[in-house]
Structures are given as C-alpha cells and as structure tokens.
>>> print(open('input.cif').read())   # mmCIF, C-alpha atoms
data_data
loop_
_atom_site.group_PDB
_atom_site.id
_atom_site.type_symbol
_atom_site.label_atom_id
_atom_site.label_comp_id
_atom_site.auth_asym_id
_atom_site.auth_seq_id
_atom_site.Cartn_x
_atom_site.Cartn_y
_atom_site.Cartn_z
ATOM 1 C CA MET A 1104 202.171 -14.440 155.690
ATOM 2 C CA ALA A 1105 199.544 -13.485 153.129
ATOM 3 C CA ASP A 1106 202.236 -12.719 150.558
ATOM 4 C CA ALA A 1107 203.815 -16.153 150.970
ATOM 5 C CA THR A 1108 200.392 -17.815 150.701
ATOM 6 C CA PHE A 1109 199.589 -15.783 147.612
ATOM 7 C CA LEU A 1110 202.910 -16.697 146.037
ATOM 8 C CA ALA A 1111 202.441 -20.404 146.806
ATOM 9 C CA LEU A 1112 198.890 -20.350 145.414
ATOM 10 C CA SER A 1113 200.082 -18.508 142.313
ATOM 11 C CA VAL A 1114 202.823 -21.042 141.624
ATOM 12 C CA LEU A 1115 200.422 -23.948 142.224
ATOM 13 C CA THR A 1116 197.668 -22.500 140.059
ATOM 14 C CA ILE A 1117 199.856 -21.423 137.153
ATOM 15 C CA GLY A 1118 201.936 -24.614 137.297
ATOM 16 C CA SER A 1119 198.898 -26.861 137.244
ATOM 17 C CA ALA A 1120 197.333 -24.793 134.458
ATOM 18 C CA ILE A 1121 200.448 -25.291 132.347
ATOM 19 C CA ALA A 1122 200.409 -29.002 133.237
ATOM 20 C CA ALA A 1123 196.751 -29.215 132.190
ATOM 21 C CA LEU A 1124 197.709 -27.829 128.795
ATOM 22 C CA GLU A 1125 200.905 -29.793 128.267
ATOM 23 C CA LEU A 1126 200.246 -33.283 129.678
ATOM 24 C CA ARG A 1127 199.674 -35.964 127.066
ATOM 25 C CA SER A 1128 197.391 -38.071 129.247
ATOM 26 C CA LEU A 1129 193.908 -36.591 129.333
ATOM 27 C CA ILE A 1130 193.210 -38.056 132.775
ATOM 28 C CA TYR A 1131 196.249 -36.338 134.311
ATOM 29 C CA ALA A 1132 195.438 -33.132 132.437
ATOM 30 C CA SER A 1133 191.917 -33.201 133.909
ATOM 31 C CA ILE A 1134 193.324 -33.698 137.393
ATOM 32 C CA ALA A 1135 195.686 -30.754 136.810
ATOM 33 C CA LEU A 1136 192.654 -28.697 135.757
ATOM 34 C CA MET A 1137 190.978 -29.601 139.045
ATOM 35 C CA VAL A 1138 194.053 -28.380 140.941
ATOM 36 C CA THR A 1139 193.991 -25.148 138.924
ATOM 37 C CA LEU A 1140 190.347 -24.532 139.789
ATOM 38 C CA GLY A 1141 191.084 -25.343 143.433
ATOM 39 C CA GLY A 1142 193.857 -22.732 143.357
ATOM 40 C CA VAL A 1143 191.359 -20.169 142.101
ATOM 41 C CA ALA A 1144 189.169 -21.054 145.074
ATOM 42 C CA GLY A 1145 192.192 -20.423 147.288
ATOM 43 C CA PHE A 1146 192.490 -16.925 145.811
ATOM 44 C CA PHE A 1147 188.872 -16.261 146.770
ATOM 45 C CA LEU A 1148 189.663 -17.378 150.326
ATOM 46 C CA LEU A 1149 192.573 -14.936 150.398
ATOM 47 C CA LEU A 1150 190.138 -12.205 149.357
ATOM 48 C CA ASP A 1151 187.939 -13.013 152.397
ATOM 49 C CA SER A 1152 185.175 -14.415 150.232
ATOM 50 C CA PRO A 1153 184.493 -17.900 151.605
ATOM 51 C CA PHE A 1154 181.095 -18.241 149.945
ATOM 52 C CA VAL A 1155 182.489 -17.665 146.458
ATOM 53 C CA ALA A 1156 185.388 -20.034 147.252
ATOM 54 C CA MET A 1157 183.030 -22.814 148.311
ATOM 55 C CA PHE A 1158 180.846 -22.138 145.294
ATOM 56 C CA GLN A 1159 183.970 -22.393 143.102
ATOM 57 C CA LEU A 1160 184.857 -25.722 144.688
ATOM 58 C CA ALA A 1161 181.341 -27.103 144.446
ATOM 59 C CA VAL A 1162 180.534 -26.000 140.913
ATOM 60 C CA TYR A 1163 183.845 -26.117 139.085
ATOM 61 C CA VAL A 1164 185.940 -28.671 140.925
ATOM 62 C CA GLY A 1165 183.045 -30.785 142.100
ATOM 63 C CA SER A 1166 180.855 -30.770 139.037
ATOM 64 C CA ILE A 1167 182.489 -29.607 135.856
ATOM 65 C CA ALA A 1168 185.914 -31.157 136.414
ATOM 66 C CA VAL A 1169 184.320 -34.478 137.432
ATOM 67 C CA LEU A 1170 182.152 -34.237 134.323
ATOM 68 C CA ILE A 1171 185.288 -33.746 132.224
ATOM 69 C CA LEU A 1172 186.880 -36.772 133.901
ATOM 70 C CA PHE A 1173 183.821 -38.915 133.205
ATOM 71 C CA THR A 1174 183.720 -37.758 129.606
ATOM 72 C CA VAL A 1175 187.415 -38.433 129.093
ATOM 73 C CA MET A 1176 187.155 -41.868 130.647
ATOM 74 C CA LEU A 1177 184.010 -42.841 128.784
ATOM 75 C CA VAL A 1178 184.615 -41.523 125.304
ATOM 76 C CA ARG A 1179 187.311 -43.122 123.227
ATOM 77 C CA ARG A 1180 190.301 -40.840 122.907
ATOM 78 C CA GLU A 1181 191.084 -41.466 119.267
ATOM 79 C CA LEU A 1182 187.685 -40.104 118.261
ATOM 80 C CA ILE A 1183 188.237 -36.788 120.013
ATOM 81 C CA PHE A 1184 191.798 -35.571 119.647
ATOM 82 C CA THR A 1185 194.488 -35.773 117.061
ATOM 83 C CA LYS A 1186 197.611 -33.964 118.169
ATOM 84 C CA ILE A 1187 199.583 -32.026 115.616
ATOM 85 C CA GLU A 1188 203.235 -31.711 116.637
ATOM 86 C CA ASP A 1189 204.566 -28.305 115.686
ATOM 87 C CA PRO A 1190 206.958 -26.512 118.062
ATOM 88 C CA ARG A 1191 206.097 -23.129 116.546
ATOM 89 C CA ARG A 1192 202.552 -23.459 117.893
ATOM 90 C CA ARG A 1193 203.810 -23.717 121.457
ATOM 91 C CA TYR A 1194 205.958 -20.582 121.142
ATOM 92 C CA ALA A 1195 203.129 -18.721 119.429
ATOM 93 C CA GLY A 1196 200.784 -19.724 122.256
ATOM 94 C CA VAL A 1197 203.199 -18.570 124.957
ATOM 95 C CA GLY A 1198 203.768 -15.284 123.095
ATOM 96 C CA LEU A 1199 200.041 -14.698 122.698
ATOM 97 C CA MET A 1200 199.486 -15.473 126.390
ATOM 98 C CA LEU A 1201 202.150 -12.928 127.409
ATOM 99 C CA ILE A 1202 200.667 -10.247 125.145
ATOM 100 C CA ILE A 1203 197.171 -10.829 126.539
ATOM 101 C CA MET A 1204 198.411 -10.853 130.147
ATOM 102 C CA LEU A 1205 200.331 -7.601 129.642
ATOM 103 C CA GLY A 1206 197.283 -6.004 128.017
ATOM 104 C CA ILE A 1207 194.929 -7.065 130.789
ATOM 105 C CA GLY A 1208 197.471 -5.981 133.417
ATOM 106 C CA ALA A 1209 197.795 -2.553 131.816
ATOM 107 C CA VAL A 1210 194.023 -2.143 131.725
ATOM 108 C CA ILE A 1211 193.689 -3.129 135.393
ATOM 109 C CA ILE A 1212 196.543 -0.900 136.544
ATOM 110 C CA ASN A 1213 195.169 2.115 134.662
ATOM 111 C CA SER A 1214 191.549 1.491 135.632
ATOM 112 C CA GLY A 1215 191.692 3.246 139.000
ATOM 113 C CA LEU A 1216 190.329 0.289 140.972
ATOM 114 C CA ASN A 1217 192.547 1.113 143.958
ATOM 115 C CA THR A 1218 190.876 4.510 144.397
ATOM 116 C CA ILE A 1219 187.327 3.164 144.656
ATOM 117 C CA THR A 1220 185.824 3.493 148.129
ATOM 118 C CA THR A 1221 182.348 2.627 149.293
ATOM 119 C CA GLU A 1222 180.259 3.397 152.334
ATOM 120 C CA GLU A 1223 178.157 0.243 151.972
ATOM 121 C CA PRO A 1224 178.508 -2.441 154.664
ATOM 122 C CA PRO A 1225 179.929 -5.817 153.554
ATOM 123 C CA VAL A 1226 177.407 -8.458 152.508
ATOM 124 C CA ASP A 1227 177.269 -11.624 154.565
ATOM 125 C CA TYR A 1228 177.677 -14.842 152.592
ATOM 126 C CA ARG A 1229 174.621 -16.330 154.315
ATOM 127 C CA ASP A 1230 172.510 -13.587 152.729
ATOM 128 C CA ILE A 1231 173.940 -14.458 149.311
ATOM 129 C CA GLY A 1232 173.067 -18.129 149.891
ATOM 130 C CA LYS A 1233 169.506 -17.245 150.901
ATOM 131 C CA GLU A 1234 169.096 -15.089 147.786
ATOM 132 C CA LEU A 1235 170.402 -17.896 145.587
ATOM 133 C CA LEU A 1236 168.046 -20.468 147.054
ATOM 134 C CA LEU A 1237 165.004 -18.201 147.235
ATOM 135 C CA TYR A 1238 165.114 -16.406 143.910
ATOM 136 C CA TYR A 1239 167.503 -18.280 141.654
ATOM 137 C CA TRP A 1240 166.531 -21.887 142.328
ATOM 138 C CA PRO A 1241 165.117 -22.427 138.809
ATOM 139 C CA ALA A 1242 168.502 -21.532 137.298
ATOM 140 C CA LEU A 1243 170.287 -23.887 139.704
ATOM 141 C CA ILE A 1244 167.927 -26.729 138.797
ATOM 142 C CA LEU A 1245 168.381 -25.975 135.101
ATOM 143 C CA MET A 1246 172.169 -26.134 135.487
ATOM 144 C CA ALA A 1247 171.874 -29.465 137.292
ATOM 145 C CA LEU A 1248 169.690 -30.848 134.492
ATOM 146 C CA ILE A 1249 172.163 -29.634 131.863
ATOM 147 C CA LEU A 1250 175.021 -31.347 133.705
ATOM 148 C CA ALA A 1251 173.003 -34.550 134.034
ATOM 149 C CA SER A 1252 172.079 -34.533 130.355
ATOM 150 C CA SER A 1253 175.710 -34.024 129.360
ATOM 151 C CA VAL A 1254 176.725 -37.067 131.439
ATOM 152 C CA ILE A 1255 173.962 -39.064 129.752
ATOM 153 C CA GLY A 1256 175.196 -37.827 126.366
ATOM 154 C CA ALA A 1257 178.734 -38.911 127.241
ATOM 155 C CA LEU A 1258 177.426 -42.344 128.187
ATOM 156 C CA MET A 1259 175.598 -42.597 124.887
ATOM 157 C CA LEU A 1260 178.748 -41.615 122.984
ATOM 158 C CA ALA A 1261 180.831 -44.122 124.913
ATOM 159 C CA ARG A 1262 178.446 -47.001 124.278
ATOM 160 C CA ARG A 1263 180.282 -49.594 122.232
ATOM 161 C CA GLU A 1264 179.106 -51.977 119.632
ATOM 162 C CA ASP A 1265 181.329 -54.992 120.253
ATOM 163 C CA VAL A 1266 179.813 -56.892 117.371
ATOM 164 C CA LYS A 1267 182.134 -56.430 114.400
ATOM 165 C CA GLY A 1268 181.465 -58.271 111.196
ATOM 166 C CA GLU A 1269 178.790 -60.430 112.783
ATOM 167 C CA GLN A 1270 175.124 -60.224 112.022
ATOM 168 C CA ARG A 1271 172.693 -59.877 114.836
ATOM 169 C CA THR A 1272 169.866 -62.330 115.009
ATOM 170 C CA ASN A 1273 166.633 -61.350 116.629
#
>>> encode(input="input.cif", output="structure tokens")
Amino acid sequence: MADATFLALSVLTIGSAIAALELRSLIYASIALMVTLGGVAGFFLLLDSPFVAMFQLAVYVGSIAVLILFTVMLVRRELIFTKIEDPRRRYAGVGLMLIIMLGIGAVIINSGLNTITTEEPPVDYRDIGKELLLYYWPALILMALILASSVIGALMLARREDVKGEQRTN
C-alpha cells in the first residue's frame, strides 16, 4: 500500500511541478506550485513525520504560495515577465535536470545512508513544537513580518495611476 501511495504522490508532485513550469497562465502555475508543495508534505507524512508535514503545509502552501498568488494577481504581468520562445531552451533544461538528478541520486546511493543506525529514541513532534515556540519565537515573528512587508510591497507595486495625460489639481 505504501508503494502505491508513494507512486501516486510522486506522479502528482512531479506532474504538478512540470505544470508549474510550463503553464502560460501565472495563476494556474501558482496553483500547480501549491499542489507540488502539498505533494512534498505528503512525502513527509509517508516518512511518519506529521509535524514537518503540517509545517510544510502551513509555511509553504499556506503562506508562500498564497503570497505568490497575491503578487501575481496584484502586479501587472507585462511588467514582470517577457517570454522568449526557443525550443532549445526546453531541451537544455530537461537535459540539465536529468544530469543533476542522476548526480544527486549517485551521491545518495553511495553515501551509506542505509547503514546508519542509532540508539536514540524518536523525538515526539510535540517536543519540537514546544522548542519552536519557546526558543525560536523571535525568528517566527521575524518571518511573519517579512511576509507581511512583502505583501505590502506587492500592494505598493500594484497601485495604479489611472490618470493618464491629465493634470491633477489640488
């Protein structure tokens, strides 16, 4: 059962990642990115790490992907992207991705990770949450302020001057 779930999550995650790269509409590409990040959270659940999975959903899917959606919707598209159509770029990108994946796979296979054993007991996710809230709360607040300031910056960039060719009178 775990193999079928892993295979389904892999297909969903990789398929939505490719869709996020290839879709022309930035809104749909952002939604595909959210699905990709949700698939990564599913991998953490398969690894029996529910705290990291929920953290993945809260931080990446809940915050960063929504921030990307707000930015895409608020900022005018023609100011951000100009797409250069060249089919050689796509093939070069796929080739580079395959080379990098093979290299990383070779490093992981030869690293000896499967022979590592430990006598330490597993850490409960409630303990990790307590540590985060007790000792790392300034970093969490700083990240929240950075996210809020980036939304405010996106709003400032999206602000339009509808007055064209007219003089303002005070």
>>> closest_residue(input="input.cif", among="A:Ile1134, A:Leu1129, A:Leu1149, A:Val1164", to="A:Met1104", atoms="only C-alpha atoms")
A:Leu1149
>>> axis_aligned_box(input="input.cif", around="stretch 1222-1240 of chain A", padding_each_side="4 Å", output="lines of an AutoDock Vina configuration file")
center_x = 172.6
center_y = -9.2
center_z = 148.2
size_x = 23.3
size_y = 33.3
size_z = 21.0
>>> closest_residue(input="input.cif", among="A:Gly1206, A:Thr1220, A:Tyr1228, A:Leu1250", to="A:Tyr1163", atoms="all atoms listed in the file")
A:Leu1250
>>> resolve_selection(input="input.cif", expression="the PyMOL selection byres ((chain A and resi 1227) around 12)", output="PDB file with C-alpha atoms, in the frame of the given file")
ATOM      1  CA  ASP A1151     187.939 -13.013 152.397  1.00  0.00           C
ATOM      2  CA  SER A1152     185.175 -14.415 150.232  1.00  0.00           C
ATOM      3  CA  PRO A1153     184.493 -17.900 151.605  1.00  0.00           C
ATOM      4  CA  PHE A1154     181.095 -18.241 149.945  1.00  0.00           C
ATOM      5  CA  VAL A1155     182.489 -17.665 146.458  1.00  0.00           C
ATOM      6  CA  PRO A1224     178.508  -2.441 154.664  1.00  0.00           C
ATOM      7  CA  PRO A1225     179.929  -5.817 153.554  1.00  0.00           C
ATOM      8  CA  VAL A1226     177.407  -8.458 152.508  1.00  0.00           C
ATOM      9  CA  TYR A1228     177.677 -14.842 152.592  1.00  0.00           C
ATOM     10  CA  ARG A1229     174.621 -16.330 154.315  1.00  0.00           C
ATOM     11  CA  ASP A1230     172.510 -13.587 152.729  1.00  0.00           C
ATOM     12  CA  ILE A1231     173.940 -14.458 149.311  1.00  0.00           C
ATOM     13  CA  GLY A1232     173.067 -18.129 149.891  1.00  0.00           C
ATOM     14  CA  LYS A1233     169.506 -17.245 150.901  1.00  0.00           C
ATOM     15  CA  GLU A1234     169.096 -15.089 147.786  1.00  0.00           C
TER      16      GLU A1234
END
>>> resolve_selection(input="input.cif", expression="the PyMOL selection byres ((chain A and resi 1141) around 12)", output="mmCIF file with C-alpha atoms, in the frame of the given file")
data_model
loop_
_atom_site.group_PDB
_atom_site.id
_atom_site.type_symbol
_atom_site.label_atom_id
_atom_site.label_comp_id
_atom_site.auth_asym_id
_atom_site.auth_seq_id
_atom_site.Cartn_x
_atom_site.Cartn_y
_atom_site.Cartn_z
ATOM 1 C CA LEU A 1112 198.890 -20.350 145.414
ATOM 2 C CA SER A 1113 200.082 -18.508 142.313
ATOM 3 C CA LEU A 1115 200.422 -23.948 142.224
ATOM 4 C CA THR A 1116 197.668 -22.500 140.059
ATOM 5 C CA ILE A 1117 199.856 -21.423 137.153
ATOM 6 C CA SER A 1119 198.898 -26.861 137.244
ATOM 7 C CA ALA A 1120 197.333 -24.793 134.458
ATOM 8 C CA ILE A 1134 193.324 -33.698 137.393
ATOM 9 C CA ALA A 1135 195.686 -30.754 136.810
ATOM 10 C CA LEU A 1136 192.654 -28.697 135.757
ATOM 11 C CA MET A 1137 190.978 -29.601 139.045
ATOM 12 C CA VAL A 1138 194.053 -28.380 140.941
ATOM 13 C CA THR A 1139 193.991 -25.148 138.924
ATOM 14 C CA LEU A 1140 190.347 -24.532 139.789
ATOM 15 C CA GLY A 1142 193.857 -22.732 143.357
ATOM 16 C CA VAL A 1143 191.359 -20.169 142.101
ATOM 17 C CA ALA A 1144 189.169 -21.054 145.074
ATOM 18 C CA GLY A 1145 192.192 -20.423 147.288
ATOM 19 C CA PHE A 1146 192.490 -16.925 145.811
ATOM 20 C CA PHE A 1147 188.872 -16.261 146.770
ATOM 21 C CA LEU A 1148 189.663 -17.378 150.326
ATOM 22 C CA VAL A 1155 182.489 -17.665 146.458
ATOM 23 C CA ALA A 1156 185.388 -20.034 147.252
ATOM 24 C CA MET A 1157 183.030 -22.814 148.311
ATOM 25 C CA PHE A 1158 180.846 -22.138 145.294
ATOM 26 C CA GLN A 1159 183.970 -22.393 143.102
ATOM 27 C CA LEU A 1160 184.857 -25.722 144.688
ATOM 28 C CA ALA A 1161 181.341 -27.103 144.446
ATOM 29 C CA VAL A 1162 180.534 -26.000 140.913
ATOM 30 C CA TYR A 1163 183.845 -26.117 139.085
ATOM 31 C CA VAL A 1164 185.940 -28.671 140.925
ATOM 32 C CA GLY A 1165 183.045 -30.785 142.100
ATOM 33 C CA ALA A 1168 185.914 -31.157 136.414
#
>>> closest_residue(input="input.cif", among="A:Ser1166, A:Val1114, A:Leu1201, A:Ile1212", to="A:Ala1251", atoms="all atoms listed in the file")
A:Ser1166
>>> atom_distance(input="input.cif", atom1="atom CA of A:Thr1174", atom2="atom CA of A:Ile1255")
9.8 Å
>>> atom_distance(input="input.cif", atom1="atom CA of A:Ile1249", atom2="atom CA of A:Leu1172")
16.5 Å
>>> decode(input="input.cif", residues="stretch 1117-1249 of chain A", atoms="C-alpha atoms", output="PDB file, in the first residue's frame")
ATOM      1  CA  ILE A1117       6.376  15.758 -10.429  1.00  0.00           C
ATOM      2  CA  GLY A1118       3.414  16.357 -12.754  1.00  0.00           C
ATOM      3  CA  SER A1119       2.342  19.495 -10.941  1.00  0.00           C
ATOM      4  CA  ALA A1120       5.941  20.724 -10.799  1.00  0.00           C
ATOM      5  CA  ILE A1121       6.206  20.369 -14.568  1.00  0.00           C
ATOM      6  CA  ALA A1122       2.825  22.101 -14.929  1.00  0.00           C
ATOM      7  CA  ALA A1123       4.044  24.943 -12.703  1.00  0.00           C
ATOM      8  CA  LEU A1124       6.976  25.441 -15.054  1.00  0.00           C
ATOM      9  CA  GLU A1125       5.137  25.032 -18.340  1.00  0.00           C
ATOM     10  CA  LEU A1126       1.735  26.707 -17.864  1.00  0.00           C
ATOM     11  CA  ARG A1127       1.382  30.078 -19.551  1.00  0.00           C
ATOM     12  CA  SER A1128      -1.095  31.455 -17.026  1.00  0.00           C
ATOM     13  CA  LEU A1129       0.699  32.564 -13.883  1.00  0.00           C
ATOM     14  CA  ILE A1130      -2.375  31.936 -11.728  1.00  0.00           C
ATOM     15  CA  TYR A1131      -2.610  28.291 -12.826  1.00  0.00           C
ATOM     16  CA  ALA A1132       1.155  27.899 -12.480  1.00  0.00           C
ATOM     17  CA  SER A1133       0.926  29.182  -8.892  1.00  0.00           C
ATOM     18  CA  ILE A1134      -1.859  26.727  -8.133  1.00  0.00           C
ATOM     19  CA  ALA A1135       0.272  23.922  -9.608  1.00  0.00           C
ATOM     20  CA  LEU A1136       3.110  25.056  -7.327  1.00  0.00           C
ATOM     21  CA  MET A1137       0.760  24.751  -4.357  1.00  0.00           C
ATOM     22  CA  VAL A1138      -0.082  21.180  -5.397  1.00  0.00           C
ATOM     23  CA  THR A1139       3.638  20.415  -5.715  1.00  0.00           C
ATOM     24  CA  LEU A1140       4.328  21.700  -2.211  1.00  0.00           C
ATOM     25  CA  GLY A1141       1.341  19.733  -0.911  1.00  0.00           C
ATOM     26  CA  GLY A1142       2.825  16.606  -2.500  1.00  0.00           C
ATOM     27  CA  VAL A1143       6.065  17.239  -0.632  1.00  0.00           C
ATOM     28  CA  ALA A1144       4.026  17.398   2.567  1.00  0.00           C
ATOM     29  CA  GLY A1145       2.549  14.032   1.605  1.00  0.00           C
ATOM     30  CA  PHE A1146       6.070  12.599   1.377  1.00  0.00           C
ATOM     31  CA  PHE A1147       6.735  13.788   4.926  1.00  0.00           C
ATOM     32  CA  LEU A1148       3.556  12.020   6.059  1.00  0.00           C
ATOM     33  CA  LEU A1149       4.793   8.831   4.406  1.00  0.00           C
ATOM     34  CA  LEU A1150       8.018   9.209   6.387  1.00  0.00           C
ATOM     35  CA  ASP A1151       6.000   9.291   9.650  1.00  0.00           C
ATOM     36  CA  SER A1152       6.803  12.936  10.248  1.00  0.00           C
ATOM     37  CA  PRO A1153       3.433  14.642  10.723  1.00  0.00           C
ATOM     38  CA  PHE A1154       4.872  17.750  12.363  1.00  0.00           C
ATOM     39  CA  VAL A1155       7.149  18.524   9.422  1.00  0.00           C
ATOM     40  CA  ALA A1156       4.257  17.796   7.023  1.00  0.00           C
ATOM     41  CA  MET A1157       1.961  20.238   8.806  1.00  0.00           C
ATOM     42  CA  PHE A1158       4.759  22.782   8.966  1.00  0.00           C
ATOM     43  CA  GLN A1159       5.258  22.322   5.203  1.00  0.00           C
ATOM     44  CA  LEU A1160       1.558  22.901   4.603  1.00  0.00           C
ATOM     45  CA  ALA A1161       1.363  25.909   6.893  1.00  0.00           C
ATOM     46  CA  VAL A1162       4.520  27.682   5.782  1.00  0.00           C
ATOM     47  CA  TYR A1163       4.866  26.829   2.111  1.00  0.00           C
ATOM     48  CA  VAL A1164       1.360  26.102   0.895  1.00  0.00           C
ATOM     49  CA  GLY A1165      -0.386  28.397   3.327  1.00  0.00           C
ATOM     50  CA  SER A1166       1.933  31.364   3.307  1.00  0.00           C
ATOM     51  CA  ILE A1167       4.425  31.480   0.493  1.00  0.00           C
ATOM     52  CA  ALA A1168       2.198  30.089  -2.255  1.00  0.00           C
ATOM     53  CA  VAL A1169      -0.645  32.429  -1.226  1.00  0.00           C
ATOM     54  CA  LEU A1170       1.872  35.274  -1.236  1.00  0.00           C
ATOM     55  CA  ILE A1171       2.884  34.311  -4.776  1.00  0.00           C
ATOM     56  CA  LEU A1172      -0.782  34.249  -5.804  1.00  0.00           C
ATOM     57  CA  PHE A1173      -1.380  37.694  -4.316  1.00  0.00           C
ATOM     58  CA  THR A1174       1.716  39.058  -6.006  1.00  0.00           C
ATOM     59  CA  VAL A1175       0.755  37.584  -9.365  1.00  0.00           C
ATOM     60  CA  MET A1176      -2.772  38.914  -9.107  1.00  0.00           C
ATOM     61  CA  LEU A1177      -1.745  42.360  -7.933  1.00  0.00           C
ATOM     62  CA  VAL A1178       1.257  43.151 -10.071  1.00  0.00           C
ATOM     63  CA  ARG A1179       0.742  43.674 -13.758  1.00  0.00           C
ATOM     64  CA  ARG A1180       2.077  40.750 -15.738  1.00  0.00           C
ATOM     65  CA  GLU A1181       3.649  42.679 -18.577  1.00  0.00           C
ATOM     66  CA  LEU A1182       6.000  44.414 -16.150  1.00  0.00           C
ATOM     67  CA  ILE A1183       7.367  41.153 -14.784  1.00  0.00           C
ATOM     68  CA  PHE A1184       7.798  38.553 -17.494  1.00  0.00           C
ATOM     69  CA  THR A1185       8.665  38.532 -21.129  1.00  0.00           C
ATOM     70  CA  LYS A1186       8.744  35.021 -22.514  1.00  0.00           C
ATOM     71  CA  ILE A1187      11.380  34.132 -25.048  1.00  0.00           C
ATOM     72  CA  GLU A1188      10.256  31.246 -27.258  1.00  0.00           C
ATOM     73  CA  ASP A1189      13.177  28.974 -28.021  1.00  0.00           C
ATOM     74  CA  PRO A1190      12.622  25.197 -28.113  1.00  0.00           C
ATOM     75  CA  ARG A1191      16.315  24.531 -27.481  1.00  0.00           C
ATOM     76  CA  ARG A1192      15.967  26.052 -24.009  1.00  0.00           C
ATOM     77  CA  ARG A1193      13.346  23.497 -23.030  1.00  0.00           C
ATOM     78  CA  TYR A1194      15.506  20.556 -24.138  1.00  0.00           C
ATOM     79  CA  ALA A1195      18.553  22.053 -22.440  1.00  0.00           C
ATOM     80  CA  GLY A1196      16.543  22.454 -19.231  1.00  0.00           C
ATOM     81  CA  VAL A1197      15.294  18.862 -19.310  1.00  0.00           C
ATOM     82  CA  GLY A1198      18.833  17.611 -20.022  1.00  0.00           C
ATOM     83  CA  LEU A1199      20.284  19.660 -17.178  1.00  0.00           C
ATOM     84  CA  MET A1200      17.559  18.400 -14.827  1.00  0.00           C
ATOM     85  CA  LEU A1201      18.349  14.770 -15.724  1.00  0.00           C
ATOM     86  CA  ILE A1202      22.086  15.298 -15.200  1.00  0.00           C
ATOM     87  CA  ILE A1203      21.504  16.914 -11.800  1.00  0.00           C
ATOM     88  CA  MET A1204      19.041  14.207 -10.725  1.00  0.00           C
ATOM     89  CA  LEU A1205      21.452  11.434 -11.734  1.00  0.00           C
ATOM     90  CA  GLY A1206      24.288  13.167  -9.878  1.00  0.00           C
ATOM     91  CA  ILE A1207      22.269  13.638  -6.707  1.00  0.00           C
ATOM     92  CA  GLY A1208      20.985  10.055  -6.945  1.00  0.00           C
ATOM     93  CA  ALA A1209      24.523   8.717  -7.282  1.00  0.00           C
ATOM     94  CA  VAL A1210      25.662  10.728  -4.271  1.00  0.00           C
ATOM     95  CA  ILE A1211      22.745   9.478  -2.158  1.00  0.00           C
ATOM     96  CA  ILE A1212      23.175   5.850  -3.205  1.00  0.00           C
ATOM     97  CA  ASN A1213      26.913   5.905  -2.468  1.00  0.00           C
ATOM     98  CA  SER A1214      26.583   7.854   0.777  1.00  0.00           C
ATOM     99  CA  GLY A1215      25.855   4.864   3.008  1.00  0.00           C
ATOM    100  CA  LEU A1216      22.665   6.324   4.485  1.00  0.00           C
ATOM    101  CA  ASN A1217      21.030   2.886   4.643  1.00  0.00           C
ATOM    102  CA  THR A1218      23.712   1.603   7.029  1.00  0.00           C
ATOM    103  CA  ILE A1219      23.245   4.332   9.637  1.00  0.00           C
ATOM    104  CA  THR A1220      21.693   3.093  12.876  1.00  0.00           C
ATOM    105  CA  THR A1221      21.031   4.993  16.060  1.00  0.00           C
ATOM    106  CA  GLU A1222      20.201   4.073  19.619  1.00  0.00           C
ATOM    107  CA  GLU A1223      18.428   7.374  20.301  1.00  0.00           C
ATOM    108  CA  PRO A1224      14.661   7.272  20.908  1.00  0.00           C
ATOM    109  CA  PRO A1225      12.454   9.059  18.343  1.00  0.00           C
ATOM    110  CA  VAL A1226      11.577  12.679  19.088  1.00  0.00           C
ATOM    111  CA  ASP A1227       7.926  13.500  19.602  1.00  0.00           C
ATOM    112  CA  TYR A1228       6.571  16.264  17.379  1.00  0.00           C
ATOM    113  CA  ARG A1229       5.005  17.979  20.401  1.00  0.00           C
ATOM    114  CA  ASP A1230       8.505  18.462  21.820  1.00  0.00           C
ATOM    115  CA  ILE A1231       9.622  20.036  18.539  1.00  0.00           C
ATOM    116  CA  GLY A1232       6.629  22.403  18.667  1.00  0.00           C
ATOM    117  CA  LYS A1233       7.421  23.400  22.253  1.00  0.00           C
ATOM    118  CA  GLU A1234      11.052  24.084  21.323  1.00  0.00           C
ATOM    119  CA  LEU A1235       9.968  26.205  18.365  1.00  0.00           C
ATOM    120  CA  LEU A1236       7.582  28.295  20.428  1.00  0.00           C
ATOM    121  CA  LEU A1237       9.833  28.627  23.470  1.00  0.00           C
ATOM    122  CA  TYR A1238      13.209  29.338  21.924  1.00  0.00           C
ATOM    123  CA  TYR A1239      12.654  30.303  18.310  1.00  0.00           C
ATOM    124  CA  TRP A1240       9.673  32.639  18.583  1.00  0.00           C
ATOM    125  CA  PRO A1241      11.687  35.733  17.559  1.00  0.00           C
ATOM    126  CA  ALA A1242      12.600  34.061  14.256  1.00  0.00           C
ATOM    127  CA  LEU A1243       8.967  33.083  13.654  1.00  0.00           C
ATOM    128  CA  ILE A1244       7.818  36.651  14.304  1.00  0.00           C
ATOM    129  CA  LEU A1245      10.550  37.984  12.024  1.00  0.00           C
ATOM    130  CA  MET A1246       9.421  35.652   9.230  1.00  0.00           C
ATOM    131  CA  ALA A1247       5.828  36.803   9.684  1.00  0.00           C
ATOM    132  CA  LEU A1248       6.912  40.449   9.470  1.00  0.00           C
ATOM    133  CA  ILE A1249       8.937  39.739   6.324  1.00  0.00           C
TER     134      ILE A1249
END
